[in-house]
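Below is the file run-v8.json, which contains JSON, C-alpha atoms.
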[["chain", "number", "residue", "atom", "x", "y", "z"],
["A", 1, "MET", "CA", 0.00, 0.00, 0.00],
["A", 2, "ARG", "CA", 2.77, 2.42, 0.95],
["A", 3, "PHE", "CA", 4.53, 1.66, -2.36],
["A", 4, "ARG", "CA", 1.41, 2.65, -4.32],
["A", 5, "ILE", "CA", 1.17, 5.97, -2.49],
["A", 6, "VAL", "CA", 4.85, 6.77, -3.13],
["A", 7, "LEU", "CA", 4.50, 5.75, -6.78],
["A", 8, "THR", "CA", 1.41, 7.95, -7.19],
["A", 9, "VAL", "CA", 3.12, 10.96, -5.60],
["A", 10, "VAL", "CA", 6.23, 10.53, -7.75],
["A", 11, "THR", "CA", 4.13, 10.18, -10.90],
["A", 12, "LEU", "CA", 2.11, 13.30, -10.08],
["A", 13, "ALA", "CA", 5.27, 15.26, -9.32],
["A", 14, "CYS", "CA", 6.80, 14.26, -12.64],
["A", 15, "CYS", "CA", 3.67, 15.36, -14.47],
["A", 16, "LEU", "CA", 3.06, 18.62, -12.60],
["A", 17, "LEU", "CA", 6.56, 20.05, -12.09],
["A", 18, "PRO", "CA", 7.17, 21.03, -15.73],
["A", 19, "GLY", "CA", 3.84, 22.88, -15.76],
["A", 20, "LEU", "CA", 4.68, 24.67, -12.51],
["A", 21, "ALA", "CA", 8.04, 25.77, -13.91],
["A", 22, "LEU", "CA", 6.27, 27.28, -16.92],
["A", 23, "ALA", "CA", 3.66, 28.96, -14.72],
["A", 24, "GLN", "CA", 6.42, 30.59, -12.69],
["A", 25, "GLY", "CA", 7.97, 32.04, -15.84],
["A", 26, "ASN", "CA", 10.93, 29.68, -15.98],
["A", 27, "SER", "CA", 11.39, 28.79, -19.62],
["A", 28, "PRO", "CA", 12.15, 25.17, -20.46],
["A", 29, "ALA", "CA", 15.31, 24.16, -22.32],
["A", 30, "THR", "CA", 13.32, 24.17, -25.56],
["A", 31, "PRO", "CA", 10.14, 26.07, -26.43],
["A", 32, "PRO", "CA", 6.88, 24.10, -26.08],
["A", 33, "ALA", "CA", 6.42, 23.86, -29.87],
["A", 34, "ILE", "CA", 9.77, 22.12, -30.17],
["A", 35, "SER", "CA", 9.15, 19.94, -27.17],
["A", 36, "GLN", "CA", 5.83, 18.64, -28.50],
["A", 37, "ASP", "CA", 7.08, 18.11, -32.05],
["A", 38, "VAL", "CA", 10.25, 16.36, -30.92],
["A", 39, "HIS", "CA", 8.35, 14.45, -28.24],
["A", 40, "ASP", "CA", 5.96, 13.13, -30.89],
["A", 41, "HIS", "CA", 8.81, 12.34, -33.32],
["A", 42, "ALA", "CA", 12.08, 12.03, -31.40],
["A", 43, "SER", "CA", 14.27, 10.68, -34.19],
["A", 44, "CYS", "CA", 14.48, 10.75, -37.96],
["A", 45, "PRO", "CA", 13.13, 7.48, -39.40],
["A", 46, "LEU", "CA", 15.74, 7.45, -42.19],
["A", 47, "CYS", "CA", 19.00, 8.15, -40.38],
["A", 48, "GLY", "CA", 18.05, 7.84, -36.71],
["A", 49, "MET", "CA", 19.35, 11.28, -35.79],
["A", 50, "ASP", "CA", 17.96, 12.97, -32.69],
["A", 51, "ARG", "CA", 15.54, 15.65, -33.89],
["A", 52, "GLY", "CA", 15.88, 17.52, -30.59],
["A", 53, "LYS", "CA", 19.64, 17.80, -30.99],
["A", 54, "PHE", "CA", 19.09, 19.01, -34.55],
["A", 55, "ALA", "CA", 16.03, 21.12, -33.76],
["A", 56, "HIS", "CA", 17.41, 23.98, -35.86],
["A", 57, "SER", "CA", 17.26, 21.92, -39.08],
["A", 58, "ARG", "CA", 14.35, 19.53, -38.53],
["A", 59, "MET", "CA", 11.37, 19.26, -40.83],
["A", 60, "LEU", "CA", 7.89, 17.81, -40.67],
["A", 61, "ILE", "CA", 6.23, 16.85, -43.95],
["A", 62, "GLU", "CA", 2.47, 16.22, -43.90],
["A", 63, "TYR", "CA", 0.98, 14.22, -46.76],
["A", 64, "GLY", "CA", -2.53, 14.24, -48.21],
["A", 65, "ASP", "CA", -3.21, 10.75, -46.87],
["A", 66, "GLY", "CA", -2.75, 12.03, -43.30],
["A", 67, "THR", "CA", 0.71, 10.58, -42.71],
["A", 68, "VAL", "CA", 3.65, 12.68, -41.56],
["A", 69, "PHE", "CA", 7.37, 12.33, -42.03],
["A", 70, "PRO", "CA", 9.53, 13.78, -39.25],
["A", 71, "ALA", "CA", 12.97, 14.53, -40.71],
["A", 72, "CYS", "CA", 16.18, 15.73, -39.06],
["A", 73, "SER", "CA", 16.99, 17.87, -42.10],
["A", 74, "LEU", "CA", 16.07, 18.86, -45.62],
["A", 75, "HIS", "CA", 18.34, 16.03, -46.83],
["A", 76, "CYS", "CA", 16.16, 13.33, -45.24],
["A", 77, "ALA", "CA", 12.90, 15.15, -46.08],
["A", 78, "VAL", "CA", 13.87, 15.22, -49.77],
["A", 79, "LEU", "CA", 14.76, 11.52, -49.67],
["A", 80, "ASP", "CA", 11.32, 10.71, -48.25],
["A", 81, "MET", "CA", 9.56, 12.88, -50.84],
["A", 82, "ALA", "CA", 11.51, 11.15, -53.62],
["A", 83, "VAL", "CA", 10.64, 7.67, -52.37],
["A", 84, "ASN", "CA", 6.97, 8.59, -51.90],
["A", 85, "LEU", "CA", 6.23, 10.10, -55.30],
["A", 86, "ASP", "CA", 2.59, 9.00, -55.12],
["A", 87, "LYS", "CA", 2.02, 10.90, -51.87],
["A", 88, "THR", "CA", 1.31, 14.62, -52.17],
["A", 89, "PRO", "CA", 2.83, 16.86, -49.49],
["A", 90, "THR", "CA", 0.11, 19.16, -48.16],
["A", 91, "LYS", "CA", 2.26, 20.96, -45.59],
["A", 92, "SER", "CA", 6.01, 21.29, -45.28],
["A", 93, "LEU", "CA", 7.26, 22.66, -41.99],
["A", 94, "VAL", "CA", 10.89, 23.50, -41.23],
["A", 95, "ALA", "CA", 12.61, 24.84, -38.15],
["A", 96, "ASP", "CA", 13.62, 28.45, -38.14],
["A", 97, "TYR", "CA", 17.41, 28.28, -37.73],
["A", 98, "LYS", "CA", 17.45, 30.93, -35.02],
["A", 99, "THR", "CA", 14.31, 30.21, -32.95],
["A", 100, "LYS", "CA", 13.94, 26.48, -33.73],
["A", 101, "GLU", "CA", 10.19, 26.98, -34.12],
["A", 102, "LEU", "CA", 8.48, 25.19, -37.00],
["A", 103, "ILE", "CA", 7.50, 27.50, -39.85],
["A", 104, "ASP", "CA", 6.05, 27.05, -43.32],
["A", 105, "ALA", "CA", 8.97, 25.85, -45.48],
["A", 106, "GLU", "CA", 7.46, 27.40, -48.60],
["A", 107, "LYS", "CA", 7.29, 30.85, -47.00],
["A", 108, "ALA", "CA", 10.70, 30.60, -45.31],
["A", 109, "PHE", "CA", 13.75, 32.50, -46.46],
["A", 110, "TRP", "CA", 16.38, 29.86, -47.17],
["A", 111, "VAL", "CA", 20.14, 30.28, -47.08],
["A", 112, "ILE", "CA", 22.14, 27.83, -49.18],
["A", 113, "GLY", "CA", 25.85, 27.44, -48.46],
["A", 114, "GLY", "CA", 28.07, 29.48, -46.21],
["A", 115, "ASP", "CA", 30.73, 28.50, -43.71],
["A", 116, "GLN", "CA", 28.46, 26.44, -41.44],
["A", 117, "MET", "CA", 28.37, 22.69, -42.13],
["A", 118, "GLY", "CA", 24.88, 21.48, -42.96],
["A", 119, "VAL", "CA", 22.98, 18.65, -41.31],
["A", 120, "MET", "CA", 23.44, 15.48, -43.38],
["A", 121, "SER", "CA", 24.98, 17.72, -46.06],
["A", 122, "LYS", "CA", 28.26, 19.46, -46.80],
["A", 123, "ARG", "CA", 26.44, 22.46, -48.24],
["A", 124, "ALA", "CA", 24.10, 23.87, -45.63],
["A", 125, "LYS", "CA", 20.47, 24.70, -46.29],
["A", 126, "TRP", "CA", 18.99, 26.75, -43.45],
["A", 127, "ALA", "CA", 15.51, 28.26, -43.14],
["A", 128, "PHE", "CA", 14.58, 31.57, -41.52],
["A", 129, "ALA", "CA", 11.18, 33.08, -40.77],
["A", 130, "SER", "CA", 12.35, 36.56, -41.73],
["A", 131, "LYS", "CA", 14.38, 37.87, -44.63],
["A", 132, "ALA", "CA", 16.28, 40.13, -42.23],
["A", 133, "GLU", "CA", 17.48, 37.13, -40.18],
["A", 134, "ALA", "CA", 18.50, 35.26, -43.33],
["A", 135, "GLU", "CA", 20.42, 38.28, -44.59],
["A", 136, "ALA", "CA", 22.12, 38.73, -41.20],
["A", 137, "PHE", "CA", 23.19, 35.07, -41.33],
["A", 138, "ILE", "CA", 24.55, 35.55, -44.86],
["A", 139, "LYS", "CA", 26.48, 38.62, -43.73],
["A", 140, "ALA", "CA", 28.06, 36.64, -40.86],
["A", 141, "HIS", "CA", 28.51, 33.23, -42.53],
["A", 142, "GLY", "CA", 28.10, 33.60, -46.28],
["A", 143, "GLY", "CA", 25.70, 31.70, -48.49],
["A", 144, "GLN", "CA", 22.97, 32.87, -50.80],
["A", 145, "LEU", "CA", 19.31, 33.67, -50.29],
["A", 146, "ALA", "CA", 16.90, 31.19, -51.87],
["A", 147, "ASP", "CA", 13.32, 29.97, -51.82],
["A", 148, "PHE", "CA", 12.07, 26.48, -50.91],
["A", 149, "ASP", "CA", 12.17, 25.21, -54.50],
["A", 150, "ALA", "CA", 15.84, 26.23, -54.82],
["A", 151, "ALA", "CA", 16.64, 24.58, -51.48],
["A", 152, "ILE", "CA", 14.99, 21.31, -52.63],
["A", 153, "LYS", "CA", 16.87, 21.46, -55.92],
["A", 154, "ALA", "CA", 20.16, 22.03, -54.05],
["A", 155, "ALA", "CA", 19.40, 19.06, -51.77],
["A", 156, "PHE", "CA", 18.87, 16.81, -54.79],
["A", 157, "GLU", "CA", 22.02, 18.13, -56.47],
["A", 158, "ASP", "CA", 24.04, 17.39, -53.32],
["A", 159, "MET", "CA", 22.54, 13.94, -52.68],
["A", 160, "ALA", "CA", 25.31, 11.81, -54.24],
["A", 161, "SER", "CA", 28.22, 13.58, -52.55],
["A", 162, "ASP", "CA", 26.34, 13.88, -49.25],
["A", 163, "THR", "CA", 25.53, 10.16, -49.27],
["A", 164, "MET", "CA", 29.19, 9.30, -49.84],
["A", 165, "MET", "CA", 30.20, 11.69, -47.04],
["A", 166, "ILE", "CA", 27.70, 10.14, -44.61],
["A", 167, "ARG", "CA", 28.84, 6.60, -45.43],
["A", 168, "GLU", "CA", 32.49, 7.58, -44.93],
["A", 169, "LYS", "CA", 31.72, 9.20, -41.56],
["A", 170, "ARG", "CA", 29.81, 6.11, -40.41],
["A", 171, "LYS", "CA", 32.63, 3.86, -41.58],
["A", 172, "MET", "CA", 35.17, 5.91, -39.60],
["A", 173, "LYS", "CA", 32.92, 5.90, -36.53],
["A", 174, "ALA", "CA", 32.54, 2.12, -36.76],
["A", 175, "MET", "CA", 36.31, 1.70, -36.96],
["A", 176, "GLN", "CA", 36.77, 3.89, -33.85],
["A", 177, "HIS", "CA", 34.10, 2.06, -31.87],
["A", 178, "PRO", "CA", 33.98, -1.58, -33.00],
["A", 179, "SER", "CA", 31.08, -3.58, -31.58]]

Any chance you could put this one into structure tokens?
Amino acid sequence: MRFRIVLTVVTLACCLLPGLALAQGNSPATPPAISQDVHDHASCPLCGMDRGKFAHSRMLIEYGDGTVFPACSLHCAVLDMAVNLDKTPTKSLVADYKTKELIDAEKAFWVIGGDQMGVMSKRAKWAFASKAEAEAFIKAHGGQLADFDAAIKAAFEDMASDTMMIREKRKMKAMQHPS
């Protein structure tokens, strides 16, 4: 009986404490929008990468049949769209590079290239909610302003070299940490 009471109290505390922290104005490590999205889809189904760790590049593709694809990056989102040619994307969400909040990928201001390594790609493709933020990033890191169509095209153009890069990195990691 005592065990049940302790278990109930611990369970309630675990459920209520995060809400109390928010009510007191303490912000969580990640905004609620990120937390819910990443909680619902913690890892990328294609590569297994942690979408919370890569919250600044993650995407969420919604298809007309009601299914969703939670990607770590544009690279994996494009792979899924290519494999699922018969499924029509109805909504494409991407994380704003700066805030990590999901925004409409088609309305985002994309930056292609620059001195920051991309996620799953040598050539970065970052999304920003505002043109001013994208231009500030370009000023600091280089790259060129683009729209969603140009970002998708760049992802397809980079696919072969990015795939070889990823395989080489995984091979090196396997050699460093044999099972």

Any chance you could work out the axis-aligned box around range 143-159 of chain A, listed atoms only, 8 Å on each side, giving centre and edge lengths in Å to one decimal, as AutoDock Vina command-line options?
--center_x 18.9 --center_y 23.8 --center_z -52.5 --size_x 29.6 --size_y 35.7 --size_z 24.0

**Message:** Quick one: residues within 10 Å of Lys91 in chain A, all atoms listed in the file, excluding same-chain residues fewer than 6 positions away - as a list of chain:residue names?
**Reply:**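 The residues satisfying every condition are A:Leu60, A:Ile61, A:Glu62, A:Tyr63, A:Gly64, A:Val68, A:Asp104, A:Ala105, A:Glu106.
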
Filtering to C-alpha atoms, could you give me those residues as an mmCIF file, in the frame of the given file?
data_model
loop_
_atom_site.group_PDB
_atom_site.id
_atom_site.type_symbol
_atom_site.label_atom_id
_atom_site.label_comp_id
_atom_site.auth_asym_id
_atom_site.auth_seq_id
_atom_site.Cartn_x
_atom_site.Cartn_y
_atom_site.Cartn_z
ATOM 1 C CA LEU A 60 7.890 17.810 -40.670
ATOM 2 C CA ILE A 61 6.230 16.850 -43.950
ATOM 3 C CA GLU A 62 2.470 16.220 -43.900
ATOM 4 C CA TYR A 63 0.980 14.220 -46.760
ATOM 5 C CA GLY A 64 -2.530 14.240 -48.210
ATOM 6 C CA VAL A 68 3.650 12.680 -41.560
ATOM 7 C CA ASP A 104 6.050 27.050 -43.320
ATOM 8 C CA ALA A 105 8.970 25.850 -45.480
ATOM 9 C CA GLU A 106 7.460 27.400 -48.600
#

**Request:** Find the residues near Gly48 in chain A: any atom within 10 Å, counting only C-alpha atoms, skip ones fewer than 4 places away on the same chain, and give them as a PyMOL selection string.
**Result:** chain A and resi 42-44+71-72

Include C-alpha atoms and write out the residues we just selected as a tab-separated table (two decimals), in the frame of the given file.
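Output file selection_26.tsv is given in full below:
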chain	number	residue	atom	x	y	z
A	42	ALA	CA	12.08	12.03	-31.40
A	43	SER	CA	14.27	10.68	-34.19
A	44	CYS	CA	14.48	10.75	-37.96
A	71	ALA	CA	12.97	14.53	-40.71
A	72	CYS	CA	16.18	15.73	-39.06

**Message:** I'd like the interatomic distance between CA of Gly142 in chain A and CA of Asp115 in chain A, to a tenth of an Å.
**Reply:**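 Here the two named atoms are 6.3 Å from each other.
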
**Asked** Between A:Asp40, A:Asp162, A:Glu168, A:Asp50, which one has atoms that come closest to Ser121 in chain A, using only C-alpha atoms?
**Response**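 Once distances to Ser121 in chain A are computed over only C-alpha atoms, the minimum belongs to A:Asp162.
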
**Request:** Name all residues at most 9 Å from Phe148 in chain A (count only C-alpha atoms; drop same-chain ones fewer than 2 positions away) and give them as number ranges by chain.
**Result:** A: 105-110, 127, 146, 150-153

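Each of A:Leu85, A:Leu145, A:Val38, A:Met120 was compared to Met164 in chain A using only C-alpha atoms, and A:Met120 turns out to be the nearest.
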
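Distances to Asp158 in chain A were evaluated for A:Lys131, A:His75, A:His141, A:His177 using all atoms listed in the file, and the minimum falls at A:His75.
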
**Prompt:** CA of Lys98 in chain A to CA of Ile112 in chain A: how many Å, to one decimal?
**Reply:**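 Straight-line distance from CA of Lys98 in chain A to CA of Ile112 in chain A works out to 15.2 Å.
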
**Request:** Could you tell me how far CA of Gln116 in chain A lies from CA of Phe128 in chain A, in Å and to one decimal?
**Result:**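 Interatomic distance, CA of Gln116 in chain A to CA of Phe128 in chain A: 14.8 Å.
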
Hey, could you make a per-residue contact list for range 79-157 of chain A against range 55-58 of chain A with 6 Å as the cut-off, showing the nearest pair of atoms and its distance in Å to one decimal, counting only C-alpha atoms, sorted by chain and number, as a tab-separated table?
residue	atom	partner	partner_atom	distance
A:Val94	CA	A:Arg58	CA	5.9
A:Ala95	CA	A:His56	CA	5.4
A:Tyr97	CA	A:His56	CA	4.7
A:Lys100	CA	A:His56	CA	4.8

Please produce an output containing C-alpha atoms for each residue in the selection, written as a CSV table (one decimal), keeping the file's coordinate frame.
chain,number,residue,atom,x,y,z
A,94,VAL,CA,10.9,23.5,-41.2
A,95,ALA,CA,12.6,24.8,-38.2
A,97,TYR,CA,17.4,28.3,-37.7
A,100,LYS,CA,13.9,26.5,-33.7

**Prompt:** If we count only C-alpha atoms, what is near Thr163 in chain A at a cut-off of 12 Å, once residues fewer than 3 positions away on the same chain are taken out, given as a PyMOL selection string?
**Reply:** chain A and resi 47+75-76+79+119-122+155-160+166-170

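Among A:Ile103, A:Val83, A:Val111, A:Met175, the residue with the shortest atom-to-atom distance to Lys139 in chain A, counting only C-alpha atoms, is A:Val111.
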